[in-house]
Amino acid sequence: MTGESPSDGPAGGGEDRRDDSASVGDHRRDGAATATRRTALKAIGAAAAGGTVLSGRASAGVPTPRLHTDGKWIRDPEGNEVQLRGIATADPAFYRRYHPKSFEEVLRRATDTADGWHPNVVRLPFTQDNVDHFGVDTLIDEFIRPSVEILASRDVYALVDFHLIRPYTQAATETYNEENDDTLDPIDDVMTNFWSAVAPEFADDEHVIYELFNEPTQPTMYGDDAGAWQTWRDAAQPWVDLVRDHAPETPIVIGSPRWTSVTHMAPEYPFEGDNLVYAAHIYPDNGAPSEFDQYYGEPANDVPVVVTEFGWDPDGGSVDQGTTSGWGEPFRQWAEGYANMGWISWCFDDSWAPTFFESPGDGAAESWTLKDGDEQMGGYIKSWLSETKGDSVPASTVDDATAPPAPANLAVSNATEIGFDLSWDAVTDEGEAGLSHYTVSVDGSETTETLPGTTSATVSGLEPATTYEAAVTAEDDAGNESDPATVVAETIARDAQQSPYNGPHTVPGRVQAEDFDEGGQGVSYYDTTPANKGGADYRDTAVDIGTSANTGYNVGYIATGEWLEYTVQVESAGTRTTRVNVAAGSGGGGALRVSVDGETLATQDVWQTGGWSNWQTIRVGDLDLPEGEHVVRVTAESGAWNFDWIEFGESEGSGDTTAPPAPTDLSVTDTTDSSISVDWGAVEDSGGSGLDHYAVSVDGSEVRTVPAGTTSATVDGLSAETSYTVAVTAVDGAGNESAAASVSATTAPGGDTTAPPAPADLSVTGTTDSSVSVSWDAVTDDGSGVDHYVVTVDGSEDQTVPAGSTSATVDGLSADTPYEVGVVAVDAAGNESAAATVTATTDASDDGGDEPADALVVNDYDGDPAWSSHRNDLGQWCGAGSFENGSGEVEDGALVLEYDNGGWFQEQINRDVSDYSTLVFEVSGADGGEESEILFDMGGVRTVLADVTDDSVGTSTGAVRVDLASAGVDRTSSSLSLRLNFWQGGASTLAIEEIRLE
């Protein structure tokens with residue numbers, strides 16, 4: 001049971017891999033193919049008996065420092081080449097909603113080196129369905145952060161994957177919404193909501209990697225790979241920039257259109273930014289390696305590539321059907337043919353196919369069995385990870401053989417029939433490595449790890465009335481482990497005496513579901529899971545108590561056969577109208593039984609209410625209850641549903657039909673930008689059934705109830721600077737409700753709305769023929785604090801500067817030209833100051849070349865800047881790849897590109913060049929006439945170079961001119977670039993001495 005039962009939305013990854021790119025000729029996936037993630041259980045059944053003690057050992061001694069990219073390589077800080085090799089689990093939030101196992105249990109098993117599992121990375125997919133269900137902040141707090149910390153304690157990289165499978169442009173989203181029953185939210189809203197929260201949260205976690213967008217689908221643009229990629233890049237570049245702004249050093253893995261199958265376009269059209277890795281998703285439906293190598297393998301010659309999904313199953317569907325001998329082993333040989341290619345196998349689960357494990361049913365609570373037959377994937381991947389566990393892993397610079405001291409003052413508290421709490425003093429590591437984690441063991445079996453800042457743990461899933469030896473060790477980042485601290489703990493007996501909790505509860509009246517009797521498992525309750533999966537701190541019990549924004553605590557994840565008992569005191573014999581408050585989302589529902597002193601009095605169906613927190617009151621019936629003390633049992637005849645309270649009131653005609661008076665003296669006691677607090681005078685009920693609770697409403701909609709005896713409430717989740725009417729009614733034990741008392745209040749203004757002052761003393765500190773340097777005084781903001789400065793050139797944003805810096809250089813400017821440089825201060829709330837401005841004129845050009853004095857040189861390949869530094873004369877990114885001579889070589893002041901039906905070249909301009917009319921190449925070719933073999937791509941024009949110039953490439957250096965206006969080039973774009981590619985079937989050598997604009 002837990003406060004949030006199996007919930008609405010698709011189970012598993014929900015992935016429907018309908019088709020594939022032309023990477024296997026014209027072979028495409030069948031549009032009617034079934035999903036590769038099988039549907040999970042519609043309702044939670046009885047879990048297996050027994051505990052949840054988890055064994056597992058961290059990958060001690062394998063460091064996880066911050067990674068970065070270098071050309072086609074992923075490297076550690078020492079420059080060593082690193083290959084990511086690992087596995088993916090199902091969405092950790094999926095286990096909370098649909099599966100009896102916990103994500104913590106699954107992650108520990110996936111990284112259990114004692115059991116032979118040796119990944120150096122685990123992919124953590126988080127779906128939009130679970131973002132919608134929990135909210136991104138709750139998802140971070142309850143799922144992403146705990147998962148990341150478990151992997152940190154196991155010395156494993158955490159790949160946080162936003163597991164979207166949907167259209168990647170807004171136009172395609174709108175088309176999808178028109179053609180389908182469900183409605184997708186605007187794609188930019190979805191991406192911004194997730195990454196604005198997630199990216200900064202883990203920016204300082206060195207072992208974390210981000211995967212931007214699992215599988216972009218439409219528009220597919222079959223037959224136009226370059227067009228599809230560039231459409232994707234145009235859509236996704238702002239999201240990459242968003243992540244990079246929040247997490248400057250975290251590597252970002254980037255997928256591609258058609259379910260991440262257009263990887264081969266990455267070298268020709270790379271994204272802007274540092275530490276970018278490109279993803280590939282490959283299944284048997286893609287064919288043999290010889291069929292897909294050019295689309296997934298050859299790109300690895302130029303850029304970092306990680307196959308973040310692959311897998312096979314002899315009994316799989318149209319996408320993943322394959323065998324180890326027929327597909328898995330050839331895939332391994334292919335992947336290992338590229339020394340820089342990483343891989344992550346899908347999926348370490350029994351539900352999200354293709355699966356590593358068998359179980360009695362998808363999502364079953366019973367033990368998983370590894371699929372280790374000759375043709376199955378699970379055992380093969382396990383062996384592959386083990387055989388390569390020491391290959392291309394980060395090096396450790398730490399020379400530390402000193403173990404930490406043993407934890408002191410280990411103590412036991414809060415023993416229950418199924419577990420106990422442990423606490424200890426923090427350990428200070430005496431070696432160089434620093435403390436990594438603590439390991440908790442029970443009777444020699446490891447149960448969990450905690451990170452250095454946590455010095456307590458809860459052990460559960462134990463047997464009642466049993467003595468255990470608990471131990472805690474401290475381990476550092478070099479794998480040195482302390483001696484254990486030990487303590488003896490004893491669980492309480494299961495037959496402990498039953499007694500009321502917060503009671504006995506008076507009837508007529510309402511009994512809260514979470515206030516079941518003391519006594520423990522088999523005495524006051526029976527629960528099929530060994531620990532509280534709801535996470536609420538209300539009671540130390542195995543019952544799954546969770547929280548709800550509307551009702552406070554409640555009990556959920558209710559499975560067939562579970563029961564709860566309540567001791568009640570019936571004031572007078574009579575027939576009581578009995579109601580329960582319940583909720584059940586998609587796939588849920590069931591039946592309950594109410595019995596008193598062992599005698600069944602009523603049964604009632606629980607139907608779906610439209611959501612797991614959408615509470616509805618159901619009338620069970622009129623029950624005859626004798627006077628005195630009795631034990632009421634609520635049993636789940638079938639699950640799954642959530643339980644909030646049971647109420648025993650007066651039946652119709654039994655005497656109390658009088659509503660209580662309305663609350664008096666209702667007043668507002670506090671407001672914030674999102675909440676209003678009120679209190680009122682206590683109500684006395686004269687009808688005989690007694691006051692039961694108060695109902696609190698906002699603008700006519702009930703938002704919460706408050707028990708009798710409490711005369712205050714806070715309603716939150718409101719909008720800032722908005723007027724609301726808050727009302728309170730009194731409800732008696734017979735269900736009679738008073739008139740409402742109401743009061744109006746306005747929430748406070750939201751946050752910081754005051755802009756910082758403009759930067760003072762902005763001045764020019766230096767000029768060159770292509771740059772202007774400025775400085776200014778630091779700005780002090782009295783509100784949320786200065787976050788950064790924005791530097792503009794002639795009114796257009798050029799760059800941002802962090803708050804601690806008060807200088808900047810703008811480059812890529814024209815010689816002997818006046819510019820207005822502006823600086824704006826921006827605070828943490830996004831308020832912008834007025835601009836401070838200064839005018840400066842760049843120096844005259846001392847370039848003695850033949851170009852006009854007012855020409856804008858894009859690149860002259862003179863070594864300053866160097867071609868290998870990927871910067872051109874405008875200070876922008878440039879690069880090339882897939883040529884016979886790699887990324888090109890500079891010889892005698894010319895960039896030499898040798899091509900044979902392959903190669904790409906790019907110079908970024910990133911400015912408005914509408915003042916220039918002509919693009920000029922100073923170029924020569926080995927054969928002459930190469931303009932007919934080169935694809936020209938600039939400002940929305942994509943055609944063979946010969947179509948946009950009247951000049952020919954000769955065998956000696958000469959000018960080839962492109963009239964930009966006549967060609968139709970958009971010169972006003974702030975993200976303008978020049979691209980050439982050489983996949984038109986020709987073979988020659990091109991030497992470029994200069995590219996300029998006139």
# chains A, B, ... in the order shown; residues from 1 in each chain; ligands from 1
call {"tool": "residues_around", "arguments": {"residues": "Gly434 (chain A)", "least_positions_apart": "4", "cutoff": "7 Å", "atoms": "only C-alpha atoms", "output": "list of chain:residue names"}}
result
A:Asp429, A:Asp476, A:Asp477
call {"tool": "select_by_dssp", "arguments": {"residues": "region 373-411 of chain A", "states": "helix (DSSP H, G or I)", "output": "list in words"}}
result
Met377, Gly378, Gly379, Tyr380, Ile381, Lys382, Ser383, Trp384, Leu385, Ser386 and Glu387 of chain A
call {"tool": "write_last_selection", "arguments": {"atoms": "N, CA, C and O atoms", "output": "mmCIF file, in the first residue's frame"}}
result
data_model
loop_
_atom_site.group_PDB
_atom_site.id
_atom_site.type_symbol
_atom_site.label_atom_id
_atom_site.label_comp_id
_atom_site.auth_asym_id
_atom_site.auth_seq_id
_atom_site.Cartn_x
_atom_site.Cartn_y
_atom_site.Cartn_z
ATOM 1 N N MET A 377 19.608 -12.529 -24.300
ATOM 2 C CA MET A 377 20.424 -11.334 -24.142
ATOM 3 C C MET A 377 20.975 -11.140 -22.737
ATOM 4 O O MET A 377 22.131 -10.724 -22.564
ATOM 5 N N GLY A 378 20.162 -11.369 -21.679
ATOM 6 C CA GLY A 378 20.554 -10.985 -20.325
ATOM 7 C C GLY A 378 21.903 -11.514 -19.901
ATOM 8 O O GLY A 378 22.792 -10.766 -19.469
ATOM 9 N N GLY A 379 22.080 -12.826 -20.016
ATOM 10 C CA GLY A 379 23.346 -13.421 -19.603
ATOM 11 C C GLY A 379 24.501 -12.987 -20.481
ATOM 12 O O GLY A 379 25.636 -12.837 -20.019
ATOM 13 N N TYR A 380 24.230 -12.769 -21.775
ATOM 14 C CA TYR A 380 25.288 -12.357 -22.695
ATOM 15 C C TYR A 380 25.816 -10.971 -22.334
ATOM 16 O O TYR A 380 27.022 -10.733 -22.288
ATOM 17 N N ILE A 381 24.899 -10.031 -22.061
ATOM 18 C CA ILE A 381 25.317 -8.681 -21.683
ATOM 19 C C ILE A 381 26.081 -8.721 -20.361
ATOM 20 O O ILE A 381 27.084 -8.023 -20.182
ATOM 21 N N LYS A 382 25.613 -9.516 -19.422
ATOM 22 C CA LYS A 382 26.306 -9.628 -18.134
ATOM 23 C C LYS A 382 27.745 -10.091 -18.342
ATOM 24 O O LYS A 382 28.683 -9.524 -17.759
ATOM 25 N N SER A 383 27.946 -11.080 -19.183
ATOM 26 C CA SER A 383 29.304 -11.577 -19.455
ATOM 27 C C SER A 383 30.133 -10.526 -20.188
ATOM 28 O O SER A 383 31.317 -10.332 -19.892
ATOM 29 N N TRP A 384 29.536 -9.848 -21.142
ATOM 30 C CA TRP A 384 30.259 -8.823 -21.909
ATOM 31 C C TRP A 384 30.743 -7.701 -20.984
ATOM 32 O O TRP A 384 31.892 -7.258 -21.061
ATOM 33 N N LEU A 385 29.879 -7.284 -20.071
ATOM 34 C CA LEU A 385 30.277 -6.250 -19.114
ATOM 35 C C LEU A 385 31.415 -6.730 -18.230
ATOM 36 O O LEU A 385 32.351 -5.975 -17.933
ATOM 37 N N SER A 386 31.336 -7.970 -17.798
ATOM 38 C CA SER A 386 32.381 -8.509 -16.929
ATOM 39 C C SER A 386 33.718 -8.618 -17.657
ATOM 40 O O SER A 386 34.775 -8.285 -17.117
ATOM 41 N N GLU A 387 33.666 -9.072 -18.907
ATOM 42 C CA GLU A 387 34.901 -9.267 -19.666
ATOM 43 C C GLU A 387 35.590 -7.952 -20.000
ATOM 44 O O GLU A 387 36.800 -7.917 -20.229
#
call {"tool": "closest_residue", "arguments": {"among": "A:Ser773, A:Val568, A:Asp624, A:Arg510", "to": "Gly733 (chain A)", "atoms": "only C-alpha atoms"}}
result
A:Arg510
call {"tool": "residues_around", "arguments": {"residues": "Thr89 (chain A)", "least_positions_apart": "3", "cutoff": "12 Å", "atoms": "only C-alpha atoms", "output": "PyMOL selection string"}}
result
chain A and resi 12-13+86+92-95+102-111+119+121-126+147+158-161+163+308-309+344-357
call {"tool": "select_by_dssp", "arguments": {"residues": "region 508-723 of chain A", "states": "strand (DSSP E or B)", "output": "PyMOL selection string"}}
result
chain A and resi 509-512+518+521+525-526+545-548+552-555+563-570+574-584+590-596+599-606+611-625+628-638+642-650+667-671+676-679+691-698+701-707+712-715+723
call {"tool": "write_last_selection", "arguments": {"atoms": "C-alpha atoms", "output": "short mmCIF file (atom, residue, chain, number, x, y, z; two decimals), in the first residue's frame"}}
result
data_model
loop_
_atom_site.label_atom_id
_atom_site.label_comp_id
_atom_site.auth_asym_id
_atom_site.auth_seq_id
_atom_site.Cartn_x
_atom_site.Cartn_y
_atom_site.Cartn_z
CA GLY A 509 -17.57 9.92 13.51
CA ARG A 510 -14.81 9.60 10.92
CA VAL A 511 -11.76 7.34 11.20
CA GLN A 512 -8.70 8.19 9.14
CA GLU A 518 -1.03 -0.75 16.96
CA GLN A 521 1.68 -7.35 10.86
CA TYR A 525 -3.00 -5.09 9.78
CA TYR A 526 -1.85 -7.33 6.96
CA ILE A 545 1.13 5.44 4.05
CA GLY A 546 1.55 8.31 1.63
CA THR A 547 0.41 11.89 1.31
CA SER A 548 -2.16 13.74 -0.76
CA GLY A 552 -3.18 14.79 4.04
CA TYR A 553 -2.22 11.19 4.80
CA ASN A 554 -3.85 8.15 3.20
CA VAL A 555 -3.17 4.49 2.46
CA TRP A 563 -6.58 -5.44 5.67
CA LEU A 564 -6.54 -2.78 8.39
CA GLU A 565 -8.23 -2.84 11.84
CA TYR A 566 -9.55 0.05 13.95
CA THR A 567 -10.74 0.01 17.57
CA VAL A 568 -13.88 2.14 17.86
CA GLN A 569 -16.10 3.22 20.74
CA VAL A 570 -19.79 3.25 19.73
CA GLY A 574 -28.02 2.12 16.27
CA THR A 575 -27.90 1.95 12.53
CA ARG A 576 -25.01 3.95 11.15
CA THR A 577 -24.76 5.24 7.60
CA THR A 578 -21.25 4.17 6.57
CA ARG A 579 -19.20 5.86 3.89
CA VAL A 580 -15.61 5.55 2.65
CA ASN A 581 -13.47 8.09 0.81
CA VAL A 582 -11.49 6.36 -1.94
CA ALA A 583 -9.66 7.00 -5.22
CA ALA A 584 -8.62 4.81 -8.16
CA GLY A 590 -11.69 -3.33 -6.84
CA ALA A 591 -13.88 -4.15 -3.84
CA LEU A 592 -13.77 -3.74 -0.06
CA ARG A 593 -15.36 -5.55 2.86
CA VAL A 594 -16.28 -4.04 6.25
CA SER A 595 -16.50 -6.39 9.23
CA VAL A 596 -16.99 -5.77 12.96
CA GLU A 599 -18.54 -10.56 11.32
CA THR A 600 -18.92 -9.23 7.75
CA LEU A 601 -21.46 -6.42 7.64
CA ALA A 602 -21.08 -5.09 4.09
CA THR A 603 -19.14 -5.27 0.86
CA GLN A 604 -18.80 -2.49 -1.71
CA ASP A 605 -17.25 -2.08 -5.14
CA VAL A 606 -14.60 0.62 -5.59
CA GLY A 611 -7.23 9.61 -10.85
CA TRP A 612 -5.29 8.26 -7.89
CA SER A 613 -5.78 11.53 -6.01
CA ASN A 614 -9.29 12.20 -7.28
CA TRP A 615 -11.17 11.31 -4.11
CA GLN A 616 -14.83 10.30 -4.06
CA THR A 617 -17.05 9.36 -1.14
CA ILE A 618 -18.91 6.05 -1.59
CA ARG A 619 -21.85 4.94 0.56
CA VAL A 620 -21.22 1.41 1.90
CA GLY A 621 -24.63 1.02 3.56
CA ASP A 622 -26.52 1.31 6.87
CA LEU A 623 -24.68 -0.88 9.41
CA ASP A 624 -26.06 -1.97 12.78
CA LEU A 625 -23.44 -1.29 15.45
CA GLY A 628 -19.43 -0.30 23.34
CA GLU A 629 -15.90 -1.01 22.09
CA HIS A 630 -15.49 -2.97 18.85
CA VAL A 631 -12.84 -3.74 16.22
CA VAL A 632 -13.67 -2.70 12.66
CA ARG A 633 -11.73 -4.37 9.83
CA VAL A 634 -11.54 -2.98 6.29
CA THR A 635 -10.39 -5.69 3.86
CA ALA A 636 -9.43 -5.37 0.20
CA GLU A 637 -11.46 -8.05 -1.52
CA SER A 638 -9.56 -6.95 -4.62
CA ASN A 642 -6.43 4.31 -2.38
CA PHE A 643 -8.16 4.67 1.01
CA ASP A 644 -8.59 8.00 2.84
CA TRP A 645 -11.19 7.47 5.61
CA ILE A 646 -14.23 5.52 6.78
CA GLU A 647 -17.13 7.38 8.37
CA PHE A 648 -19.96 6.09 10.61
CA GLY A 649 -22.82 8.59 10.78
CA GLU A 650 -26.49 8.62 11.64
CA SER A 667 -10.38 35.64 9.36
CA VAL A 668 -7.19 35.69 7.33
CA THR A 669 -4.06 35.20 9.43
CA ASP A 670 -1.37 35.17 6.75
CA THR A 671 -0.76 35.37 3.00
CA ILE A 676 -3.68 31.97 2.30
CA SER A 677 -4.03 30.97 5.98
CA VAL A 678 -7.30 31.34 7.89
CA ASP A 679 -8.73 30.52 11.31
CA LEU A 691 -19.02 17.63 15.00
CA ASP A 692 -16.88 15.55 12.64
CA HIS A 693 -14.82 17.94 10.51
CA TYR A 694 -14.62 21.24 8.68
CA ALA A 695 -14.53 21.56 4.87
CA VAL A 696 -12.38 24.33 3.36
CA SER A 697 -13.15 25.68 -0.13
CA VAL A 698 -11.49 28.16 -2.46
CA SER A 701 -14.29 24.25 -4.82
CA GLU A 702 -13.45 22.13 -1.78
CA VAL A 703 -9.68 21.82 -1.36
CA ARG A 704 -9.28 20.07 2.00
CA THR A 705 -10.93 18.90 5.20
CA VAL A 706 -9.84 19.67 8.77
CA PRO A 707 -10.74 17.37 11.72
CA SER A 712 -7.19 26.79 11.21
CA ALA A 713 -6.02 25.84 7.75
CA THR A 714 -3.65 26.94 5.00
CA VAL A 715 -4.53 26.58 1.33
CA SER A 723 -7.94 37.62 -5.12
#
call {"tool": "closest_residue", "arguments": {"among": "A:Ser719, A:Pro251, A:Thr657, A:Asn130", "to": "Ala734 (chain A)", "atoms": "only C-alpha atoms"}}
result
A:Thr657
call {"tool": "residues_around", "arguments": {"residues": "region 252-259 of chain A", "least_positions_apart": "2", "cutoff": "8 Å", "atoms": "only C-alpha atoms", "output": "compact mmCIF listing (two decimals) with N, CA, C and O atoms, in the first residue's frame"}}
result
# COMPACT_ATOMS: atom_id res chain seq x y z
N ARG A 17 8.06 1.95 -31.82
CA ARG A 17 9.08 2.20 -32.83
C ARG A 17 8.48 1.87 -34.19
O ARG A 17 8.68 0.81 -34.74
N ASP A 19 8.83 3.01 -37.29
CA ASP A 19 9.58 2.90 -38.51
C ASP A 19 11.02 3.31 -38.27
O ASP A 19 11.39 3.70 -37.20
N ASP A 20 11.83 3.20 -39.30
CA ASP A 20 13.25 3.45 -39.15
C ASP A 20 13.69 4.30 -40.32
O ASP A 20 12.98 4.51 -41.29
N SER A 21 14.89 4.81 -40.24
CA SER A 21 15.42 5.62 -41.33
C SER A 21 15.77 4.73 -42.51
O SER A 21 15.65 3.52 -42.46
N ILE A 165 9.35 10.20 -26.52
CA ILE A 165 9.16 9.55 -27.82
C ILE A 165 7.98 10.28 -28.47
O ILE A 165 6.83 9.94 -28.23
N ILE A 209 25.59 12.41 -16.54
CA ILE A 209 25.55 12.74 -17.96
C ILE A 209 24.08 12.95 -18.32
O ILE A 209 23.20 12.29 -17.75
N TYR A 210 23.79 13.84 -19.24
CA TYR A 210 22.42 14.09 -19.65
C TYR A 210 22.17 13.54 -21.06
O TYR A 210 23.03 13.66 -21.93
N GLU A 211 20.99 12.94 -21.26
CA GLU A 211 20.53 12.58 -22.60
C GLU A 211 19.32 13.44 -22.91
O GLU A 211 18.27 13.32 -22.27
N LEU A 212 19.45 14.31 -23.90
CA LEU A 212 18.54 15.42 -24.13
C LEU A 212 17.11 14.99 -24.44
O LEU A 212 16.16 15.52 -23.87
N PHE A 213 16.96 14.01 -25.34
CA PHE A 213 15.62 13.70 -25.90
C PHE A 213 15.75 12.31 -26.48
O PHE A 213 16.37 12.11 -27.50
N ASN A 214 15.14 11.34 -25.83
CA ASN A 214 15.35 9.93 -26.17
C ASN A 214 15.18 9.63 -27.65
O ASN A 214 16.12 9.23 -28.32
N GLU A 215 13.98 9.83 -28.17
CA GLU A 215 13.71 9.48 -29.56
C GLU A 215 12.78 10.50 -30.22
O GLU A 215 11.56 10.39 -30.11
N PRO A 216 13.34 11.50 -30.90
CA PRO A 216 12.50 12.39 -31.71
C PRO A 216 11.88 11.59 -32.86
O PRO A 216 12.58 10.81 -33.50
N THR A 217 10.62 11.80 -33.14
CA THR A 217 9.95 11.00 -34.17
C THR A 217 9.69 11.84 -35.42
O THR A 217 10.53 11.95 -36.29
N GLN A 218 8.53 12.50 -35.48
CA GLN A 218 8.18 13.29 -36.66
C GLN A 218 8.70 14.72 -36.52
O GLN A 218 8.82 15.21 -35.39
N PRO A 219 8.96 15.41 -37.64
CA PRO A 219 8.82 14.93 -39.03
C PRO A 219 9.94 13.98 -39.41
O PRO A 219 11.11 14.23 -39.11
N THR A 220 9.58 12.90 -40.10
CA THR A 220 10.58 11.89 -40.48
C THR A 220 11.39 12.30 -41.69
O THR A 220 12.58 12.02 -41.77
N ALA A 228 16.16 16.38 -42.53
CA ALA A 228 15.61 15.95 -41.24
C ALA A 228 16.54 16.33 -40.10
O ALA A 228 16.10 16.85 -39.07
N TRP A 229 17.84 16.08 -40.29
CA TRP A 229 18.80 16.40 -39.23
C TRP A 229 18.81 17.91 -38.96
O TRP A 229 18.81 18.34 -37.80
N TRP A 232 15.82 19.01 -37.09
CA TRP A 232 16.01 18.61 -35.68
C TRP A 232 17.00 19.53 -34.98
O TRP A 232 16.75 19.99 -33.88
N VAL A 240 19.73 22.43 -26.16
CA VAL A 240 21.13 22.16 -25.81
C VAL A 240 21.72 23.38 -25.10
O VAL A 240 22.40 23.26 -24.07
N THR A 250 28.59 19.46 -17.91
CA THR A 250 27.98 18.13 -18.00
C THR A 250 27.90 17.67 -19.45
O THR A 250 27.34 18.38 -20.29
N SER A 261 17.85 7.55 -35.36
CA SER A 261 18.46 6.67 -36.36
C SER A 261 19.15 7.45 -37.48
O SER A 261 19.48 6.86 -38.50
N VAL A 262 19.40 8.76 -37.29
CA VAL A 262 20.03 9.55 -38.34
C VAL A 262 21.39 10.05 -37.84
O VAL A 262 21.81 11.16 -38.14
N THR A 263 22.07 9.21 -37.07
CA THR A 263 23.34 9.59 -36.45
C THR A 263 24.37 10.02 -37.47
O THR A 263 25.24 10.85 -37.18
N ASN A 275 31.45 19.29 -25.36
CA ASN A 275 31.12 18.06 -24.64
C ASN A 275 29.79 17.47 -25.09
O ASN A 275 28.93 17.12 -24.29
N LEU A 276 29.64 17.37 -26.41
CA LEU A 276 28.44 16.79 -27.01
C LEU A 276 28.74 15.40 -27.55
O LEU A 276 29.75 15.20 -28.23
N VAL A 277 27.86 14.47 -27.26
CA VAL A 277 27.98 13.07 -27.70
C VAL A 277 26.72 12.75 -28.49
O VAL A 277 25.63 13.23 -28.17
N TYR A 278 26.85 11.92 -29.52
CA TYR A 278 25.70 11.62 -30.38
C TYR A 278 25.24 10.18 -30.14
O TYR A 278 26.06 9.26 -30.02
N ALA A 279 23.91 10.02 -30.07
CA ALA A 279 23.31 8.74 -29.71
C ALA A 279 22.94 7.95 -30.96
O ALA A 279 22.74 8.51 -32.05
N ALA A 280 22.82 6.64 -30.78
CA ALA A 280 22.28 5.75 -31.81
C ALA A 280 21.42 4.70 -31.11
O ALA A 280 21.77 4.24 -30.02
N HIS A 281 20.29 4.34 -31.72
CA HIS A 281 19.43 3.27 -31.22
C HIS A 281 19.33 2.21 -32.31
O HIS A 281 18.89 2.49 -33.43
call {"tool": "residues_around", "arguments": {"residues": "region 265-269 of chain A", "least_positions_apart": "6", "cutoff": "9 Å", "atoms": "only C-alpha atoms", "output": "list in words"}}
result
Asp225, Ala226, Trp229, Gln230, Arg233, Ser256, Tyr278, Tyr295, Pro299, Ala300, Asn301, Asp302, Val303, Ala880, Gly881, Ser882, Gly903, Trp904, Phe905, Gln906, Arg979, Leu980 and Asn981 of chain A
call {"tool": "residues_around", "arguments": {"residues": "Ala531 (chain A)", "least_positions_apart": "4", "cutoff": "9 Å", "atoms": "only C-alpha atoms", "output": "list in words"}}
result
Gly51, Thr52, Ile418, Gly419, Ser460, Gly461, Asp527, Thr541, Ala542, Val543 and Asp544 of chain A
call {"tool": "closest_residue", "arguments": {"among": "A:Asp769, A:Asp860, A:Val743, A:Gly287", "to": "Thr842 (chain A)", "atoms": "only C-alpha atoms"}}
result
A:Asp769
